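Peer 1: First, the structure itself, so that you have it in front of you.
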Amino acid sequence: MDLKITDCQATPSSITLVFSTNGMASVTSASFTVFDPAVSSAPIQPSNASITGNLAKLALSPLTPLNVGDQILVSVTGIVLSPVSPEPPTPLAIGTVVKSLLQIVNGVATPTLVVIYFSENLNTSTPPGASTSPSNASNYTIQSAGGPLLNPASAVYDDSIQATFLQFGPNILQWGQELTITVNNVTDVNGTPIGNGGSNTVYARVGSHDRDGGSGGDGLSRRETKEVTESVEDAVAYPVLTEQVSFSPSSGGGAPTTGALTPVPAGAALATSAAKAVTDVLGWKANSSDPKGFIGALTQAFTLTEVEGHVEATWNPRTYAVQTDLGGGISGAQAVLYSRAKNALDQCLPLLNGLYPLDPDADPEYVKALREMATSQINAIVTELGTVGGPSVLRVNTYFGILLGTTQPITFSGPGATVPQFDPDQIQGTLGELRDTFGIYFQKASQNNPYSNSIQDEQNITNFRVISDYMTSLLQSWISNGQFFVLGTQNQPAFFGTQLVLISRQFSVIAETVNELRFALDSVFIGPSERQTLLLQLATNPAIFLEDMLQQVEAFVSDEGPGLLQNGGRISVTNNVLPVMKSFFGMVREARRPVNVRQLPDGYRTVRVQRAIDDLRDQISELINLVQPIGQQLPAAVQVPEPIQVLFVTPNNPVPSSTPVTLTIAGTGFEEGATCSLAGLPPQPKSGGSQGTPSPVTVRVSGPQFATENLLFAQVSIAGGTAGFVYPYTVIVNNPDGTSASLRAGLAVTP
């Protein structure tokens, strides 16, 4: 019989175990032993144990309470089943982490007041302004759905009812608003912080008994009573339609469940097997409309080598290149983690299976249980790190906590990041228990291991240290990269490949939601033909027919959006996908209550249709949140500066004058701050002019004044000279960056 423990929850005073027997039997009695080295070096016996069905509840003595955060091991022996098993069941063991009892049990909100109720009395020994005080308003985070943070004006904790009262100013909370309330930093009277296993978040809806004329009875406002009445009328007035639904299997699931058996076409099973084989070999999800993706996957999956006149193909297993129909998969930080984890698994499992106890008193049952537990936990970590779409942060953190005794929750890179224990003789958790039970430590309390006598014994200890080093190094890599897998974090950078998996899923969700909205409309007699003529007058967007709106959203998430992401990459997100999805979000949001809502059929205003529209709006909003972190602006065009040159000067033949002459210098590549100078050339006699010796000309330049990169203005003062001669000058322009250009004889003074 496959008997195992499927769940174990522990608090300082109690432990709950859930057994699984595949429905063949139930546990009627058993003996329980708890191991918590932080509390006692000796086994801890529960003060009371009760078993109902396959649920066991253990009560611990107040003299030996467990500590929150302790890594404990629960051993179950002497198991008796009903009906009695032919063979005695094997002893079981499971590890877990002791969690806090402190949590939020309820939250109530009005337009000016929020009340939060706790399961335990809070520590009030600190001043109201202290960081851990329950009367410090900064310890309470209130946020409306998809909106900004709402800051309370004050917080007052009442110890007599275990509740905190948060006061808000007028017009901050709105009637009917959905609130998410999170509490941090506060502790119970024993110093245990909230959130350490207990819930520190509660949801509340703002309601007022004075709004709409007071209470409608049973604690409901009249508005709430009206909503309940409308829902009942909706159910009575319109039929409840049903349809057969068949979803494709999830990545780890089996066949879809439907209400009837569907005949399998001939050859379908073979086609499915072939498609799966192609996917496994290429590490690429087959897509008949993506030939480029197929060629790319084929090129990466095989290496072609010419050998003695023929070509041999060598397969390159792509152990972490699983892709979706958008081409996304395990890439970036996740590929690094999974590759390292897979290597650690391949190296650790043979060593783990080869470990043997040096301590002659080691219980064989515990030896086997601890080995199996460590193997299972390492496998679970590696499997989770290889999950397409990103690993579950909670699951990976939990298993690292169980395996290595890491303090929960794990804090990722940055100030205050979790620092792993790297010393194999000091690590806790399952590996620490295995080390102590096997007696394969190197030193304890600065004393050498008395059980290590031969080189084989030392090799056994070395193998454990190698396992420990692999797993602590993997934990350090997780701490450095785990921030990329925290869901719901705004403005968190994301790797393109990993994010595409989530975006691909969300595209499918939106397409399903559009069809669900159509089904809701069908159920209130707004059929396909009527939807094509049902005009929605929107508040800020152009009017649109209802079916046109649905078709636009469906077409984009089914074809256009995926194509843009495949072919346009990150740039298409910012310049195309995001603007379109934001326009859809505004359109669907206004379609819920259009300007002409009173002229629409009554069925459009029913609760079922309104909620279906809300669902579509929320799913579009979630897609916007997923694509924003991977957007990228088009790179700015590189401006290549024109080379500097002087093309002409006007006027180019000024005469001496007592008034300065303004020269216009035309060219290219001039910069602001450019300077101008003149270099004189030998005077030349005019045709038929004087043949004597010319007197010198005095030319002074001031400026120039920068106009554009093609134009400068300079003031020139000219005096002296002999009539009948031409005095040529080379015009020189120097840029601040050291470049210069000149025009020989660009200026000719003619007295």
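Labeling convention for the structure tokens: chains A, B, ... as they appear, residues from 1 per chain, ligands from 1 in order of appearance.
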Extract, using only C-alpha atoms, all DNA, RNA and protein residues at most 8 Å from Leu113 (chain A), discarding same-chain residues fewer than 6 positions from it, and format them as a compact mmCIF listing (two decimals) with C-alpha atoms, in the first residue's frame.

Peer 2:
# COMPACT_ATOMS: atom_id res chain seq x y z
CA PHE A 165 -8.26 51.48 14.05
CA LEU A 166 -6.94 53.38 11.00
CA GLN A 167 -8.42 56.84 10.51
CA PHE A 168 -8.66 58.39 7.00

Peer 1: Would you give me, as a PyMOL selection string, the residues in region 56-202 of chain A that DSSP reads as strand (DSSP E)?

Peer 2: chain A and resi 56-59+71-82+92-97+104-109+113-118+140-144+149-150+154-158+163-167+178-183+201-202

Peer 1: Quick one: everything within 7 Å of region 704-720 of chain A, counting only C-alpha atoms, minus sequence neighbours fewer than 6 positions away in the same chain. Send it as a list in words.

Peer 2: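 In the requested form, the answer reads Pro656, Ser657, Thr659, Pro660, Val661, Thr662, Leu663, Thr664, Ile665, Ala666, Gly667, Thr668, Gly669, Phe670, Glu671, Glu672, Gly673, Thr675, Cys676, Pro696, Val697 and Thr698 of chain A.
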
Peer 1: May I have the selected residues written with N, CA, C and O atoms, as an mmCIF file, in the first residue's frame?

Peer 2:
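result.cif was written with the following content:
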data_model
loop_
_atom_site.group_PDB
_atom_site.id
_atom_site.type_symbol
_atom_site.label_atom_id
_atom_site.label_comp_id
_atom_site.auth_asym_id
_atom_site.auth_seq_id
_atom_site.Cartn_x
_atom_site.Cartn_y
_atom_site.Cartn_z
ATOM 1 N N PRO A 656 38.007 99.236 -48.448
ATOM 2 C CA PRO A 656 38.273 99.884 -47.150
ATOM 3 C C PRO A 656 37.201 100.902 -46.836
ATOM 4 O O PRO A 656 36.738 101.635 -47.711
ATOM 5 N N SER A 657 36.818 100.942 -45.553
ATOM 6 C CA SER A 657 35.758 101.858 -45.145
ATOM 7 C C SER A 657 35.905 102.116 -43.657
ATOM 8 O O SER A 657 36.454 101.300 -42.906
ATOM 9 N N THR A 659 33.434 102.184 -41.821
ATOM 10 C CA THR A 659 32.355 101.393 -41.218
ATOM 11 C C THR A 659 32.676 99.909 -41.363
ATOM 12 O O THR A 659 33.020 99.460 -42.473
ATOM 13 N N PRO A 660 32.581 99.102 -40.259
ATOM 14 C CA PRO A 660 32.845 97.661 -40.375
ATOM 15 C C PRO A 660 31.897 97.000 -41.373
ATOM 16 O O PRO A 660 30.741 97.400 -41.510
ATOM 17 N N VAL A 661 32.414 95.992 -42.052
ATOM 18 C CA VAL A 661 31.646 95.237 -43.036
ATOM 19 C C VAL A 661 31.235 93.893 -42.411
ATOM 20 O O VAL A 661 32.054 93.229 -41.766
ATOM 21 N N THR A 662 29.964 93.520 -42.609
ATOM 22 C CA THR A 662 29.479 92.221 -42.113
ATOM 23 C C THR A 662 29.690 91.160 -43.186
ATOM 24 O O THR A 662 29.145 91.269 -44.291
ATOM 25 N N LEU A 663 30.503 90.148 -42.830
ATOM 26 C CA LEU A 663 30.749 89.047 -43.748
ATOM 27 C C LEU A 663 29.829 87.874 -43.392
ATOM 28 O O LEU A 663 29.655 87.541 -42.219
ATOM 29 N N THR A 664 29.271 87.251 -44.420
ATOM 30 C CA THR A 664 28.491 86.026 -44.250
ATOM 31 C C THR A 664 29.338 84.860 -44.739
ATOM 32 O O THR A 664 29.725 84.822 -45.920
ATOM 33 N N ILE A 665 29.663 83.936 -43.811
ATOM 34 C CA ILE A 665 30.516 82.798 -44.145
ATOM 35 C C ILE A 665 29.632 81.558 -44.206
ATOM 36 O O ILE A 665 29.009 81.178 -43.210
ATOM 37 N N ALA A 666 29.548 80.937 -45.372
ATOM 38 C CA ALA A 666 28.716 79.746 -45.567
ATOM 39 C C ALA A 666 29.600 78.508 -45.654
ATOM 40 O O ALA A 666 30.707 78.561 -46.200
ATOM 41 N N GLY A 667 29.098 77.396 -45.116
ATOM 42 C CA GLY A 667 29.861 76.146 -45.144
ATOM 43 C C GLY A 667 29.095 75.028 -44.465
ATOM 44 O O GLY A 667 27.863 75.059 -44.381
ATOM 45 N N THR A 668 29.785 74.042 -43.931
ATOM 46 C CA THR A 668 29.167 72.906 -43.235
ATOM 47 C C THR A 668 29.982 72.570 -41.990
ATOM 48 O O THR A 668 31.183 72.848 -41.927
ATOM 49 N N GLY A 669 29.323 71.955 -41.010
ATOM 50 C CA GLY A 669 30.010 71.441 -39.824
ATOM 51 C C GLY A 669 30.449 72.509 -38.841
ATOM 52 O O GLY A 669 31.293 72.240 -37.984
ATOM 53 N N PHE A 670 29.865 73.722 -38.909
ATOM 54 C CA PHE A 670 30.227 74.750 -37.930
ATOM 55 C C PHE A 670 29.612 74.391 -36.577
ATOM 56 O O PHE A 670 28.497 73.877 -36.494
ATOM 57 N N GLU A 671 30.341 74.674 -35.499
ATOM 58 C CA GLU A 671 29.853 74.429 -34.148
ATOM 59 C C GLU A 671 29.736 75.741 -33.400
ATOM 60 O O GLU A 671 30.442 76.712 -33.711
ATOM 61 N N GLU A 672 28.856 75.750 -32.411
ATOM 62 C CA GLU A 672 28.716 76.960 -31.595
ATOM 63 C C GLU A 672 30.023 77.225 -30.862
ATOM 64 O O GLU A 672 30.609 76.324 -30.268
ATOM 65 N N GLY A 673 30.497 78.465 -30.933
ATOM 66 C CA GLY A 673 31.784 78.817 -30.344
ATOM 67 C C GLY A 673 32.920 78.823 -31.352
ATOM 68 O O GLY A 673 34.086 79.012 -30.983
ATOM 69 N N THR A 675 35.494 80.081 -34.184
ATOM 70 C CA THR A 675 36.207 81.362 -34.375
ATOM 71 C C THR A 675 36.605 81.495 -35.841
ATOM 72 O O THR A 675 36.704 80.498 -36.578
ATOM 73 N N CYS A 676 36.826 82.758 -36.256
ATOM 74 C CA CYS A 676 37.177 83.043 -37.648
ATOM 75 C C CYS A 676 38.438 83.906 -37.677
ATOM 76 O O CYS A 676 38.624 84.801 -36.841
ATOM 77 N N PRO A 696 50.397 98.505 -47.370
ATOM 78 C CA PRO A 696 49.672 97.419 -46.691
ATOM 79 C C PRO A 696 48.217 97.792 -46.369
ATOM 80 O O PRO A 696 47.885 98.962 -46.243
ATOM 81 N N VAL A 697 47.400 96.726 -46.193
ATOM 82 C CA VAL A 697 46.000 96.869 -45.774
ATOM 83 C C VAL A 697 45.869 96.308 -44.355
ATOM 84 O O VAL A 697 46.426 95.247 -44.033
ATOM 85 N N THR A 698 45.136 96.992 -43.535
ATOM 86 C CA THR A 698 44.878 96.517 -42.162
ATOM 87 C C THR A 698 43.461 95.939 -42.095
ATOM 88 O O THR A 698 42.495 96.636 -42.398
#

Peer 1: Considering only C-alpha atoms, return as number ranges by chain whatever protein or nucleic-acid residues lie within 12 Å of region 581-584 of chain A, sequence-local ones (same chain, fewer than 2 positions apart) excluded.

Peer 2: A: 507, 510, 540-542, 544, 548-557, 560-561, 573-579, 586-591, 616-628

Peer 1: For Gly78 (chain A), find every residue with an atom within 9 Å (counting only C-alpha atoms), except residues of its own chain fewer than 6 positions away, and show them as a list in words.

Peer 2: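 The residues that qualify are Ser29, Ala30, Ser31, Phe32, Pro88, Pro89, Thr90 and Pro91 of chain A.
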
Peer 1: With a cut-off of 12 Å, could you pull out the residues of region 68-149 of chain A touching region 176-187 of chain A and give me the nearest pair of atoms for each, distance in Å to one decimal, using only C-alpha atoms, ordered by chain and ascending number, as CSV?

Peer 2:
residue,atom,partner,partner_atom,distance
A:Ser100,CA,A:Thr187,CA,10.2
A:Leu101,CA,A:Thr187,CA,10.8
A:Leu102,CA,A:Thr187,CA,7.9
A:Gln103,CA,A:Val183,CA,9.3
A:Ile104,CA,A:Val183,CA,8.4
A:Val105,CA,A:Ile181,CA,11.7
A:Asn106,CA,A:Ile181,CA,10.1
A:Gly107,CA,A:Ile181,CA,7.9
A:Val108,CA,A:Leu179,CA,9.9
A:Ala109,CA,A:Leu179,CA,8.4
A:Thr110,CA,A:Gly176,CA,9.2
A:Pro111,CA,A:Gln177,CA,9.0
A:Val114,CA,A:Ile181,CA,9.2
A:Val115,CA,A:Ile181,CA,10.0
A:Ile116,CA,A:Ile181,CA,8.5
A:Tyr117,CA,A:Val183,CA,11.0
A:Phe118,CA,A:Val183,CA,10.3
A:Ser119,CA,A:Thr187,CA,11.5
A:Glu120,CA,A:Thr187,CA,9.3
A:Asn121,CA,A:Thr187,CA,8.7
A:Leu122,CA,A:Thr187,CA,5.7
A:Asn123,CA,A:Thr187,CA,5.7
A:Thr124,CA,A:Thr187,CA,8.9
A:Ser125,CA,A:Thr187,CA,10.5
A:Thr126,CA,A:Val186,CA,10.3
A:Pro128,CA,A:Val186,CA,11.5
A:Ala130,CA,A:Val186,CA,10.0
A:Ser131,CA,A:Asn185,CA,6.9
A:Thr132,CA,A:Val186,CA,4.8
A:Ser133,CA,A:Val186,CA,6.1
A:Pro134,CA,A:Val186,CA,5.7
A:Ser135,CA,A:Val186,CA,9.3
A:Asn136,CA,A:Val186,CA,9.2
A:Ala137,CA,A:Val183,CA,9.9
A:Ser138,CA,A:Asn184,CA,8.8
A:Asn139,CA,A:Asn184,CA,5.2
A:Tyr140,CA,A:Val183,CA,4.8
A:Thr141,CA,A:Thr182,CA,5.1
A:Ile142,CA,A:Ile181,CA,4.8
A:Gln143,CA,A:Thr180,CA,5.3
A:Ser144,CA,A:Leu179,CA,4.6
A:Ala145,CA,A:Glu178,CA,5.9
A:Gly146,CA,A:Glu178,CA,9.7
A:Gly147,CA,A:Leu179,CA,9.6
A:Pro148,CA,A:Leu179,CA,10.8
A:Leu149,CA,A:Thr180,CA,9.7

Peer 1: Take CA of Gln684 (chain A) and CA of Pro654 (chain A) and report the distance between them in Å, one decimal.

Peer 2: 15.4 Å

Peer 1: Got a sec: who's within 10 Å of Pro685 (chain A), counting only C-alpha atoms, leaving out chain neighbours fewer than 5 positions off, as an MDAnalysis selection string?

Peer 2: chainID A and resid 690:694 722:727

Peer 1: Just all heavy atoms for this one: save the residues we selected as a short mmCIF file (atom, residue, chain, number, x, y, z; two decimals), in the first residue's frame.

Peer 2:
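New file part.cif:
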data_model
loop_
_atom_site.label_atom_id
_atom_site.label_comp_id
_atom_site.auth_asym_id
_atom_site.auth_seq_id
_atom_site.Cartn_x
_atom_site.Cartn_y
_atom_site.Cartn_z
N SER A 690 47.99 99.86 -61.26
CA SER A 690 49.30 100.41 -60.87
C SER A 690 50.34 99.30 -60.85
O SER A 690 50.04 98.15 -60.51
CB SER A 690 49.19 101.09 -59.50
OG SER A 690 50.47 101.46 -59.05
N GLN A 691 51.62 99.67 -61.22
CA GLN A 691 52.72 98.72 -61.19
C GLN A 691 53.71 99.02 -60.08
O GLN A 691 54.78 98.42 -60.02
CB GLN A 691 53.45 98.73 -62.56
CG GLN A 691 52.57 98.37 -63.74
CD GLN A 691 52.02 96.96 -63.64
OE1 GLN A 691 52.75 96.04 -63.28
NE2 GLN A 691 50.73 96.82 -63.96
N GLY A 692 53.34 99.93 -59.18
CA GLY A 692 54.27 100.32 -58.10
C GLY A 692 54.21 99.34 -56.95
O GLY A 692 53.72 98.22 -57.06
N THR A 693 54.73 99.80 -55.84
CA THR A 693 54.74 98.97 -54.62
C THR A 693 53.48 99.28 -53.81
O THR A 693 53.26 100.43 -53.43
CB THR A 693 55.97 99.25 -53.78
OG1 THR A 693 57.13 98.98 -54.57
CG2 THR A 693 55.98 98.37 -52.52
N PRO A 694 52.66 98.26 -53.53
CA PRO A 694 51.41 98.53 -52.80
C PRO A 694 51.66 98.78 -51.31
O PRO A 694 52.57 98.20 -50.72
CB PRO A 694 50.60 97.26 -53.01
CG PRO A 694 51.62 96.19 -53.19
CD PRO A 694 52.79 96.84 -53.91
N THR A 722 46.44 100.23 -51.53
CA THR A 722 46.76 101.04 -52.70
C THR A 722 45.80 100.69 -53.82
O THR A 722 45.60 99.51 -54.13
CB THR A 722 48.20 100.76 -53.17
OG1 THR A 722 49.08 101.07 -52.09
CG2 THR A 722 48.55 101.60 -54.40
N ALA A 723 45.23 101.74 -54.42
CA ALA A 723 44.31 101.51 -55.53
C ALA A 723 45.04 100.83 -56.68
O ALA A 723 46.22 101.06 -56.92
CB ALA A 723 43.69 102.83 -55.98
N GLY A 724 44.31 99.99 -57.37
CA GLY A 724 44.91 99.27 -58.49
C GLY A 724 45.44 97.91 -58.10
O GLY A 724 45.95 97.17 -58.96
N PHE A 725 45.34 97.54 -56.82
CA PHE A 725 45.80 96.23 -56.35
C PHE A 725 44.62 95.48 -55.69
O PHE A 725 43.70 96.10 -55.16
CB PHE A 725 46.94 96.37 -55.34
CG PHE A 725 48.27 96.70 -55.97
CD1 PHE A 725 48.64 98.02 -56.21
CD2 PHE A 725 49.15 95.68 -56.33
CE1 PHE A 725 49.87 98.31 -56.78
CE2 PHE A 725 50.37 95.99 -56.91
CZ PHE A 725 50.74 97.30 -57.14
N VAL A 726 44.73 94.16 -55.74
CA VAL A 726 43.77 93.29 -55.05
C VAL A 726 44.51 92.58 -53.91
O VAL A 726 45.59 92.00 -54.15
CB VAL A 726 43.16 92.24 -56.01
CG1 VAL A 726 42.25 91.29 -55.23
CG2 VAL A 726 42.39 92.93 -57.13
N TYR A 727 43.93 92.65 -52.71
CA TYR A 727 44.56 92.05 -51.52
C TYR A 727 43.76 90.78 -51.14
O TYR A 727 42.73 90.85 -50.48
CB TYR A 727 44.57 93.02 -50.36
CG TYR A 727 45.41 94.25 -50.60
CD1 TYR A 727 44.93 95.32 -51.36
CD2 TYR A 727 46.70 94.33 -50.06
CE1 TYR A 727 45.70 96.46 -51.59
CE2 TYR A 727 47.48 95.47 -50.27
CZ TYR A 727 46.97 96.52 -51.04
OH TYR A 727 47.75 97.64 -51.26
#

Peer 1: Which neighbours of region 399-414 of chain A fall inside 7 Å, counting only C-alpha atoms, when residues of the same chain fewer than 4 positions from it are skipped, and could you give them as JSON, numbers by chain?

Peer 2: {"A": [69, 71, 95, 96, 97, 374, 377, 381, 395, 418, 420, 427, 428, 429, 430, 431, 479, 480, 482, 483]}

Peer 1: The selected residues should be written to file as a PDB file, in the first residue's frame (atoms: N, CA and C atoms).

Peer 2:
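See result_21.pdb below for the written result:
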ATOM      1  N   GLY A  69      10.109  29.231  13.323  1.00  0.00           N
ATOM      2  CA  GLY A  69      11.260  29.188  12.429  1.00  0.00           C
ATOM      3  C   GLY A  69      12.132  27.967  12.595  1.00  0.00           C
ATOM      4  N   GLN A  71      13.477  24.219  12.333  1.00  0.00           N
ATOM      5  CA  GLN A  71      13.337  23.088  11.420  1.00  0.00           C
ATOM      6  C   GLN A  71      13.113  21.834  12.275  1.00  0.00           C
ATOM      7  N   GLY A  95       9.760  16.517   7.399  1.00  0.00           N
ATOM      8  CA  GLY A  95      10.304  17.735   7.995  1.00  0.00           C
ATOM      9  C   GLY A  95       9.428  18.929   7.679  1.00  0.00           C
ATOM     10  N   THR A  96       9.439  19.923   8.511  1.00  0.00           N
ATOM     11  CA  THR A  96       8.675  21.146   8.268  1.00  0.00           C
ATOM     12  C   THR A  96       9.268  22.288   9.082  1.00  0.00           C
ATOM     13  N   VAL A  97       8.693  23.472   8.924  1.00  0.00           N
ATOM     14  CA  VAL A  97       9.139  24.672   9.632  1.00  0.00           C
ATOM     15  C   VAL A  97       8.024  25.139  10.558  1.00  0.00           C
ATOM     16  N   ALA A 374      16.099  13.908   1.839  1.00  0.00           N
ATOM     17  CA  ALA A 374      17.068  14.780   1.175  1.00  0.00           C
ATOM     18  C   ALA A 374      16.985  14.626  -0.334  1.00  0.00           C
ATOM     19  N   GLN A 377      13.815  16.360  -1.587  1.00  0.00           N
ATOM     20  CA  GLN A 377      13.887  17.820  -1.526  1.00  0.00           C
ATOM     21  C   GLN A 377      14.805  18.394  -2.600  1.00  0.00           C
ATOM     22  N   ILE A 381      13.578  20.930  -5.679  1.00  0.00           N
ATOM     23  CA  ILE A 381      14.186  22.229  -5.987  1.00  0.00           C
ATOM     24  C   ILE A 381      14.557  22.304  -7.457  1.00  0.00           C
ATOM     25  N   ARG A 395       7.719  28.112  -3.197  1.00  0.00           N
ATOM     26  CA  ARG A 395       8.071  26.697  -3.170  1.00  0.00           C
ATOM     27  C   ARG A 395       9.582  26.497  -3.073  1.00  0.00           C
ATOM     28  N   THR A 418      19.780  37.522   2.369  1.00  0.00           N
ATOM     29  CA  THR A 418      20.049  36.328   3.173  1.00  0.00           C
ATOM     30  C   THR A 418      21.463  35.825   2.903  1.00  0.00           C
ATOM     31  N   PRO A 420      23.772  32.574   3.272  1.00  0.00           N
ATOM     32  CA  PRO A 420      23.695  31.144   3.593  1.00  0.00           C
ATOM     33  C   PRO A 420      24.796  30.721   4.567  1.00  0.00           C
ATOM     34  N   ILE A 427      25.486  23.653   8.882  1.00  0.00           N
ATOM     35  CA  ILE A 427      24.188  23.790   8.224  1.00  0.00           C
ATOM     36  C   ILE A 427      23.125  23.013   8.994  1.00  0.00           C
ATOM     37  N   GLN A 428      21.870  23.494   8.858  1.00  0.00           N
ATOM     38  CA  GLN A 428      20.752  22.885   9.574  1.00  0.00           C
ATOM     39  C   GLN A 428      19.851  22.161   8.574  1.00  0.00           C
ATOM     40  N   GLY A 429      18.616  21.994   8.892  1.00  0.00           N
ATOM     41  CA  GLY A 429      17.657  21.380   8.003  1.00  0.00           C
ATOM     42  C   GLY A 429      17.884  19.882   7.850  1.00  0.00           C
ATOM     43  N   THR A 430      17.352  19.342   6.753  1.00  0.00           N
ATOM     44  CA  THR A 430      17.454  17.902   6.516  1.00  0.00           C
ATOM     45  C   THR A 430      18.902  17.446   6.399  1.00  0.00           C
ATOM     46  N   LEU A 431      19.727  18.233   5.678  1.00  0.00           N
ATOM     47  CA  LEU A 431      21.133  17.843   5.547  1.00  0.00           C
ATOM     48  C   LEU A 431      21.839  17.878   6.898  1.00  0.00           C
ATOM     49  N   ILE A 479      19.579  33.235  -4.346  1.00  0.00           N
ATOM     50  CA  ILE A 479      19.480  34.533  -3.660  1.00  0.00           C
ATOM     51  C   ILE A 479      19.843  35.663  -4.612  1.00  0.00           C
ATOM     52  N   SER A 480      20.834  35.426  -5.478  1.00  0.00           N
ATOM     53  CA  SER A 480      21.282  36.462  -6.408  1.00  0.00           C
ATOM     54  C   SER A 480      20.288  36.693  -7.538  1.00  0.00           C
ATOM     55  N   GLY A 482      16.810  35.340  -7.543  1.00  0.00           N
ATOM     56  CA  GLY A 482      15.399  35.111  -7.223  1.00  0.00           C
ATOM     57  C   GLY A 482      14.509  36.315  -7.422  1.00  0.00           C
ATOM     58  N   GLN A 483      15.083  37.532  -7.373  1.00  0.00           N
ATOM     59  CA  GLN A 483      14.271  38.739  -7.523  1.00  0.00           C
ATOM     60  C   GLN A 483      13.546  38.791  -8.869  1.00  0.00           C
TER      61      GLN A 483
END

Peer 1: Nearest to Thr314 (chain A) among A:Asn596, A:Gln447, A:Gln421, A:Thr299, with distances taken over only C-alpha atoms: which residue is it?

Peer 2: A:Thr299

Peer 1: If you run DSSP over the backbone, which residues in region 515-695 of chain A end up alpha helix (DSSP H)? Put them as a VMD selection string.

Peer 2: chain A and resid 515 to 523 528 to 533 546 to 555 561 to 572 578 to 592 607 to 627

Peer 1: Considering only C-alpha atoms, can you say which of A:Thr77, A:Ser658, A:Val733, A:Asp423 comes closest to Asp469 (chain A)?

Peer 2: A:Asp423
